[in-house]
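Undergrad: The following block contains the structure, expressed as structure tokens.
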Amino acid sequence: MESLSSRKRVALAIHHQEPDRVPISLGGSANHLTENLYRLLKQHFKFEDNGRRTLVGFYSTPDYTPLLECLGTDMRFLHLRPVKSFIMNPVAQNFKPFVDEWGLRHELLSGFYNLGGEPLGYLETIADIKKYAWPDPYLPERVGGLKAEAEQLYHFTEYSLVGHRPVYGNAWEMARFLLGMEKALFMTAKDRALFEAFFDKLSDVLDGFYEVFLNEVGPYIQIVEMAEDLGTNNGPMINPKFYREVMWSYHRRTIERIKKKAPHVKVMLHCDGAIRRFIPDLIEAGFDILNPIESHLIGMEPAGLKKDFGMDLVFMGGVDLKNVLTKGTRSDIQKEIRTRIEEMGKGGGYILAPSHNFTNDVPLENLLTFFEEGKKLGVYPL
Amino acid sequence: MGIPQSEIYAAILEGDEETVSAQVAKAIAIGVPAGILLNETLIPAMAEVGDLFERGEYFVPEMLVAARAMKAGLAILKPLLAEAKDDAIGKVAIGTVKGDLHDIGKNLVAIMMEGAGLEVLDMGVDVPAEQFIEIIEKEQVDIIAMSALLTTTMANMEITMRMIAERGLRNRVKIMVGGAPLSKEYAESIGADGFAADANQAAKMAIQLMAK
């Protein structure tokens, strides 16, 4: 097959067909870099920083666009704008702590960007839910220039356009930030009714962010992202039965609303951990793409996932970060990429990406190797 | 097991704090010794919670609520156990290392260890090496348990261990470590005596270390 545009390549892959080669991506909710790695890459490629920072999850990174040009990746991302009160901090020098529109405190904790404050830690009654000062998704400043940017990328480039999640995280992520992790976990076991009422309201507010985002970018994107953390390294964080009985219907509602607004869009879920037990329910909720696939965890073996769920899910990720990309040689990385492609790439439905965010202990050489070899080794037919 | 005891056992598994407290009080009132309640009811109940977790039937929330319920019962027993000089299997000081504020895992480990019959001193979070050293010297602990959730604060485990060694205290304690970024290999590389991947394993490991 002759070389396809990134947009066509990704289109085929996400519709379970084989393109010219396996798409490869950096950025979005799937994976990003530390500020340090970004600096090293900038020194290496000598690209011009475009001076912009984009909102990713609950913090910001430099706009990756110049870097992605150098790496030759397939996806480009559209980001909801931060509100005026949000400080687009770098991680490290000149970090200015602040409290955001949710009442969450943004701070640096031992070099890591942290959200603190547990502004709804006092939640005891339904009235507390109603009285809370929920942020307003419909503030016009969230979408300034967004449509124009989407149109420009759509009409004048051939990249695959992806809507970066317009929220810090989806309802379980946010529940943990707002209630505090321990209270959130406790409520799932002991205070279901109140938890569900809270989750319903929270999910609905977050859906408002998706609504305004898709109003601007919907027609132009192929994928929109969601993010939850349902698993630990060892297994489910919450009871899968609880997920199905309570949280699942709100995920489904969110996806139904997304697909009603933008029927062509595929929904990607970024969810770390050993989450196999949730997968059948995730499929039924309407998720189309699963990321990052921490392939070394129990139940997350790529071949098994492809076999059991490959008809229903596209997989994005799985190239081992902890060992191979951190400590491996070029040959190790080639082998890992080849293995992942063989395990997950048949019939399309696979996008190359690491099994987690790039950390500071990934040597620059290995990062560059991943993107070089990823493009060479993924050629179809396999 | 008598009726209040089987009620206590079931209520722990259910995470029913109120029933645990009420039934423990009732059992004490009718003359069941605190040591019996601890060893024949509370500890086995938590062991079953741990098993249910291992088997993938209980998850972190269920462990959390069961642990809290057990802790409520233990709070009633503690003064009575001290009176009767009922010895704990061992004494553990647990804390999250300097610079790190994550504590859910550490809290759960602390309760699971208590539920296994150990005496636990919870040092909280952001604990500097000096404080670990102080507690070894002052409280005659048998085990130091350190938790870290960030790759940046993990380094403080090594620093803490080095300082304990420099003070000549290394042979006085067993040291175990845990937290998401850690591994058995890492624990071995820094010279720790044990590593546990979850709260249930941690309690078991502590018991094992006491037996050595």
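Residues are referred to by chain and number: the chain letter is A, B, ... according to the order shown in the structure tokens, the number counts from 1 in that chain, and ligands are numbered separately from 1 in the order shown.
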Set the distance at 7 Å and use only C-alpha atoms: which residues neighbour range 1-12 of chain B once local chain neighbours fewer than 2 positions away are removed? I'd like the list as JSON, numbers by chain.
TA: {"B": [14, 15, 16, 19, 20, 23, 24, 27, 41, 42, 45, 66, 69, 70]}
Undergrad: Within 9 Å of chain B, which residues belong to chain A? Use only C-alpha atoms and report them as a PyMOL selection string.
TA: chain A and resi 109-112+181-182+184-190+232-240
Undergrad: Please write the residues from the selection above to a file, keeping C-alpha atoms, as an mmCIF file, in the first residue's frame.
TA:
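Okay, part_27.cif is ready:
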```cif
data_model
loop_
_atom_site.group_PDB
_atom_site.id
_atom_site.type_symbol
_atom_site.label_atom_id
_atom_site.label_comp_id
_atom_site.auth_asym_id
_atom_site.auth_seq_id
_atom_site.Cartn_x
_atom_site.Cartn_y
_atom_site.Cartn_z
ATOM 1 C CA LEU A 109 4.702 18.040 45.875
ATOM 2 C CA SER A 110 8.264 16.756 45.761
ATOM 3 C CA GLY A 111 8.631 17.775 42.148
ATOM 4 C CA PHE A 112 5.259 16.471 41.079
ATOM 5 C CA MET A 181 -9.337 9.400 47.870
ATOM 6 C CA GLU A 182 -10.128 7.682 51.136
ATOM 7 C CA ALA A 184 -14.399 8.380 47.808
ATOM 8 C CA LEU A 185 -13.359 4.748 48.238
ATOM 9 C CA PHE A 186 -15.203 4.498 51.536
ATOM 10 C CA MET A 187 -18.410 5.881 50.039
ATOM 11 C CA THR A 188 -18.442 3.300 47.266
ATOM 12 C CA ALA A 189 -18.671 0.633 49.959
ATOM 13 C CA LYS A 190 -20.741 2.336 52.627
ATOM 14 C CA THR A 232 -4.148 -0.361 40.733
ATOM 15 C CA ASN A 233 -1.015 -2.245 39.689
ATOM 16 C CA ASN A 234 -2.538 -5.401 41.100
ATOM 17 C CA GLY A 235 -6.179 -5.285 40.162
ATOM 18 C CA PRO A 236 -9.360 -3.221 40.323
ATOM 19 C CA MET A 237 -9.268 -0.250 42.679
ATOM 20 C CA ILE A 238 -13.011 -0.379 43.222
ATOM 21 C CA ASN A 239 -15.346 -3.346 43.210
ATOM 22 C CA PRO A 240 -16.175 -4.140 39.543
#
```
Undergrad: Taking only range 4-131 of chain B into account, list the residues labelled strand (DSSP E) by DSSP (computed from the backbone), as a list in words.
TA: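 These are the residues in question: Lys91, Val92, Ala93, Ile94, Gly95, Thr96, Val97, Glu119, Val120, Leu121, Asp122, Met123, Gly124, Val125, Asp126 and Val127 of chain B.
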Undergrad: Just to be explicit: take each residue in the selection above, keep N, CA and C atoms, and write the result as a PDB file, in the first residue's frame.
TA:
```
ATOM      1  N   LYS B  91       6.065  -4.899  67.460  1.00  0.00           N
ATOM      2  CA  LYS B  91       5.774  -3.466  67.416  1.00  0.00           C
ATOM      3  C   LYS B  91       6.315  -2.886  66.113  1.00  0.00           C
ATOM      4  N   VAL B  92       5.435  -2.212  65.395  1.00  0.00           N
ATOM      5  CA  VAL B  92       5.814  -1.638  64.097  1.00  0.00           C
ATOM      6  C   VAL B  92       5.643  -0.126  64.135  1.00  0.00           C
ATOM      7  N   ALA B  93       6.627   0.579  63.609  1.00  0.00           N
ATOM      8  CA  ALA B  93       6.448   2.013  63.374  1.00  0.00           C
ATOM      9  C   ALA B  93       6.343   2.197  61.873  1.00  0.00           C
ATOM     10  N   ILE B  94       5.245   2.818  61.441  1.00  0.00           N
ATOM     11  CA  ILE B  94       5.010   2.972  59.999  1.00  0.00           C
ATOM     12  C   ILE B  94       4.841   4.431  59.643  1.00  0.00           C
ATOM     13  N   GLY B  95       5.407   4.819  58.525  1.00  0.00           N
ATOM     14  CA  GLY B  95       5.244   6.200  58.080  1.00  0.00           C
ATOM     15  C   GLY B  95       5.524   6.346  56.601  1.00  0.00           C
ATOM     16  N   THR B  96       4.964   7.415  56.039  1.00  0.00           N
ATOM     17  CA  THR B  96       5.266   7.783  54.658  1.00  0.00           C
ATOM     18  C   THR B  96       6.486   8.688  54.711  1.00  0.00           C
ATOM     19  N   VAL B  97       7.442   8.486  53.801  1.00  0.00           N
ATOM     20  CA  VAL B  97       8.733   9.174  53.916  1.00  0.00           C
ATOM     21  C   VAL B  97       8.653  10.669  53.679  1.00  0.00           C
ATOM     22  N   GLU B 119       1.385  -4.378  67.302  1.00  0.00           N
ATOM     23  CA  GLU B 119       1.158  -3.029  67.819  1.00  0.00           C
ATOM     24  C   GLU B 119       1.738  -2.058  66.799  1.00  0.00           C
ATOM     25  N   VAL B 120       0.958  -1.084  66.397  1.00  0.00           N
ATOM     26  CA  VAL B 120       1.414  -0.197  65.326  1.00  0.00           C
ATOM     27  C   VAL B 120       1.451   1.246  65.789  1.00  0.00           C
ATOM     28  N   LEU B 121       2.612   1.888  65.576  1.00  0.00           N
ATOM     29  CA  LEU B 121       2.739   3.325  65.815  1.00  0.00           C
ATOM     30  C   LEU B 121       2.712   4.001  64.451  1.00  0.00           C
ATOM     31  N   ASP B 122       1.624   4.741  64.182  1.00  0.00           N
ATOM     32  CA  ASP B 122       1.513   5.396  62.891  1.00  0.00           C
ATOM     33  C   ASP B 122       2.161   6.767  62.965  1.00  0.00           C
ATOM     34  N   MET B 123       3.268   6.949  62.243  1.00  0.00           N
ATOM     35  CA  MET B 123       4.019   8.200  62.319  1.00  0.00           C
ATOM     36  C   MET B 123       3.489   9.254  61.348  1.00  0.00           C
ATOM     37  N   GLY B 124       2.502   8.862  60.548  1.00  0.00           N
ATOM     38  CA  GLY B 124       1.927   9.839  59.637  1.00  0.00           C
ATOM     39  C   GLY B 124       2.702   9.947  58.345  1.00  0.00           C
ATOM     40  N   VAL B 125       2.685  11.147  57.786  1.00  0.00           N
ATOM     41  CA  VAL B 125       3.304  11.369  56.477  1.00  0.00           C
ATOM     42  C   VAL B 125       4.465  12.349  56.600  1.00  0.00           C
ATOM     43  N   ASP B 126       5.214  12.453  55.527  1.00  0.00           N
ATOM     44  CA  ASP B 126       6.317  13.418  55.464  1.00  0.00           C
ATOM     45  C   ASP B 126       7.267  13.208  56.648  1.00  0.00           C
ATOM     46  N   VAL B 127       7.654  11.968  56.875  1.00  0.00           N
ATOM     47  CA  VAL B 127       8.455  11.624  58.052  1.00  0.00           C
ATOM     48  C   VAL B 127       9.945  11.640  57.700  1.00  0.00           C
TER      49      VAL B 127
END
```
Undergrad: For range 141-153 of chain A, work out the shell of residues within 9 Å, counting only C-alpha atoms and skipping chain neighbours fewer than 6 positions away, then give it as a list in words.
TA: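 The residues that qualify are Arg76, Leu78, His79, Leu80, Arg81, Pro82, Val83, Lys84, Tyr159, Leu161, Phe209, Val212, Phe213, Asn215, Glu216, Val217, Pro219, Tyr220 and Ile221 of chain A.
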Undergrad: When DSSP works through the backbone of this structure, what residues of range 84-235 of chain A end up as alpha helix (DSSP H), shown as an NGL selection string?
TA: :A and (126-131 or 146-156 or 171-179 or 181-190 or 192-217)
Undergrad: What's around Gln140 in chain B at 12 Å? Count only C-alpha atoms, leave out sequence neighbours fewer than 2 positions away in its own chain, and write the answer as a PDB file with N, CA and C atoms, in the first residue's frame.
TA:
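out_4.pdb, freshly written:
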```pdb
ATOM      1  N   GLY B  90       4.357  -8.056  67.949  1.00  0.00           N
ATOM      2  CA  GLY B  90       5.523  -7.228  67.665  1.00  0.00           C
ATOM      3  C   GLY B  90       5.085  -5.792  67.561  1.00  0.00           C
ATOM      4  N   LYS B  91       6.065  -4.899  67.460  1.00  0.00           N
ATOM      5  CA  LYS B  91       5.774  -3.466  67.416  1.00  0.00           C
ATOM      6  C   LYS B  91       6.315  -2.886  66.113  1.00  0.00           C
ATOM      7  N   VAL B  92       5.435  -2.212  65.395  1.00  0.00           N
ATOM      8  CA  VAL B  92       5.814  -1.638  64.097  1.00  0.00           C
ATOM      9  C   VAL B  92       5.643  -0.126  64.135  1.00  0.00           C
ATOM     10  N   ALA B  93       6.627   0.579  63.609  1.00  0.00           N
ATOM     11  CA  ALA B  93       6.448   2.013  63.374  1.00  0.00           C
ATOM     12  C   ALA B  93       6.343   2.197  61.873  1.00  0.00           C
ATOM     13  N   GLU B 119       1.385  -4.378  67.302  1.00  0.00           N
ATOM     14  CA  GLU B 119       1.158  -3.029  67.819  1.00  0.00           C
ATOM     15  C   GLU B 119       1.738  -2.058  66.799  1.00  0.00           C
ATOM     16  N   VAL B 120       0.958  -1.084  66.397  1.00  0.00           N
ATOM     17  CA  VAL B 120       1.414  -0.197  65.326  1.00  0.00           C
ATOM     18  C   VAL B 120       1.451   1.246  65.789  1.00  0.00           C
ATOM     19  N   LEU B 121       2.612   1.888  65.576  1.00  0.00           N
ATOM     20  CA  LEU B 121       2.739   3.325  65.815  1.00  0.00           C
ATOM     21  C   LEU B 121       2.712   4.001  64.451  1.00  0.00           C
ATOM     22  N   PHE B 132      12.395   8.574  62.199  1.00  0.00           N
ATOM     23  CA  PHE B 132      12.440   7.114  62.224  1.00  0.00           C
ATOM     24  C   PHE B 132      13.501   6.651  63.226  1.00  0.00           C
ATOM     25  N   ILE B 133      14.649   7.351  63.209  1.00  0.00           N
ATOM     26  CA  ILE B 133      15.732   6.999  64.131  1.00  0.00           C
ATOM     27  C   ILE B 133      15.281   7.176  65.578  1.00  0.00           C
ATOM     28  N   GLU B 134      14.621   8.308  65.820  1.00  0.00           N
ATOM     29  CA  GLU B 134      14.156   8.605  67.178  1.00  0.00           C
ATOM     30  C   GLU B 134      13.223   7.520  67.697  1.00  0.00           C
ATOM     31  N   ILE B 135      12.326   7.068  66.829  1.00  0.00           N
ATOM     32  CA  ILE B 135      11.331   6.098  67.296  1.00  0.00           C
ATOM     33  C   ILE B 135      11.964   4.731  67.550  1.00  0.00           C
ATOM     34  N   ILE B 136      13.025   4.409  66.813  1.00  0.00           N
ATOM     35  CA  ILE B 136      13.726   3.153  67.087  1.00  0.00           C
ATOM     36  C   ILE B 136      14.338   3.226  68.478  1.00  0.00           C
ATOM     37  N   GLU B 137      14.960   4.394  68.746  1.00  0.00           N
ATOM     38  CA  GLU B 137      15.649   4.556  70.034  1.00  0.00           C
ATOM     39  C   GLU B 137      14.665   4.632  71.197  1.00  0.00           C
ATOM     40  N   LYS B 138      13.542   5.332  70.983  1.00  0.00           N
ATOM     41  CA  LYS B 138      12.664   5.593  72.122  1.00  0.00           C
ATOM     42  C   LYS B 138      11.636   4.493  72.367  1.00  0.00           C
ATOM     43  N   ASP B 142      10.158  -3.144  66.660  1.00  0.00           N
ATOM     44  CA  ASP B 142      10.784  -4.306  66.032  1.00  0.00           C
ATOM     45  C   ASP B 142      10.929  -4.105  64.530  1.00  0.00           C
ATOM     46  N   ILE B 143       9.954  -3.377  63.977  1.00  0.00           N
ATOM     47  CA  ILE B 143       9.936  -3.215  62.517  1.00  0.00           C
ATOM     48  C   ILE B 143       9.713  -1.746  62.176  1.00  0.00           C
ATOM     49  N   ILE B 144      10.462  -1.290  61.178  1.00  0.00           N
ATOM     50  CA  ILE B 144      10.189   0.014  60.569  1.00  0.00           C
ATOM     51  C   ILE B 144       9.562  -0.267  59.211  1.00  0.00           C
ATOM     52  N   LEU B 169      22.071   1.420  64.326  1.00  0.00           N
ATOM     53  CA  LEU B 169      20.790   0.865  64.755  1.00  0.00           C
ATOM     54  C   LEU B 169      20.245  -0.190  63.795  1.00  0.00           C
ATOM     55  N   ARG B 172      19.002  -3.475  65.003  1.00  0.00           N
ATOM     56  CA  ARG B 172      17.944  -3.462  66.023  1.00  0.00           C
ATOM     57  C   ARG B 172      16.561  -3.640  65.429  1.00  0.00           C
ATOM     58  N   VAL B 173      16.448  -3.379  64.132  1.00  0.00           N
ATOM     59  CA  VAL B 173      15.103  -3.429  63.528  1.00  0.00           C
ATOM     60  C   VAL B 173      15.118  -4.187  62.211  1.00  0.00           C
ATOM     61  N   LYS B 174      13.920  -4.654  61.837  1.00  0.00           N
ATOM     62  CA  LYS B 174      13.714  -5.122  60.471  1.00  0.00           C
ATOM     63  C   LYS B 174      13.085  -3.946  59.728  1.00  0.00           C
TER      64      LYS B 174
END
```
Undergrad: Just give me the gap between CA of Leu179 in chain A and CA of Leu149 in chain B in Å, one decimal is fine.
TA: 19.6 Å
Undergrad: Give the answer as one residue: which of B:Ile89, B:Ile207, B:Met146, B:Ala129 has the shortest atom-to-atom distance to Ile159 in chain B, using only C-alpha atoms?
TA: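 That would be B:Ala129, the residue with the smallest distance to Ile159 in chain B.
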Undergrad: Any idea what's packed within 10 Å of His15 in chain A, counting only C-alpha atoms, ignoring anything in its chain fewer than 4 positions away? Could you give it as a PDB file with C-alpha atoms, in the first residue's frame?
TA:
```pdb
ATOM      1  CA  VAL A  10      -5.679   6.499  11.811  1.00  0.00           C
ATOM      2  CA  ALA A  11      -9.162   6.297  10.246  1.00  0.00           C
ATOM      3  CA  LYS A 266     -14.448   7.361  18.487  1.00  0.00           C
ATOM      4  CA  ASP A 288     -13.940   2.390  21.371  1.00  0.00           C
ATOM      5  CA  ASP A 312     -14.618  -4.491  20.008  1.00  0.00           C
ATOM      6  CA  LEU A 313     -11.688  -2.368  21.111  1.00  0.00           C
ATOM      7  CA  VAL A 314      -8.839  -0.543  19.465  1.00  0.00           C
ATOM      8  CA  GLY A 347      -6.561  -6.414  11.258  1.00  0.00           C
ATOM      9  CA  GLY A 348      -5.705  -2.881  12.340  1.00  0.00           C
ATOM     10  CA  GLY A 349      -7.093  -1.729  15.659  1.00  0.00           C
TER      11      GLY A 349
END
```
Undergrad: For range 296-299 of chain A, find every residue with an atom within 9 Å (counting only C-alpha atoms), except residues of its own chain fewer than 3 positions away, and show them as number ranges by chain.
TA: A: 233-235, 273-277, 293, 302, 304-305, 318, 320, 322, 355
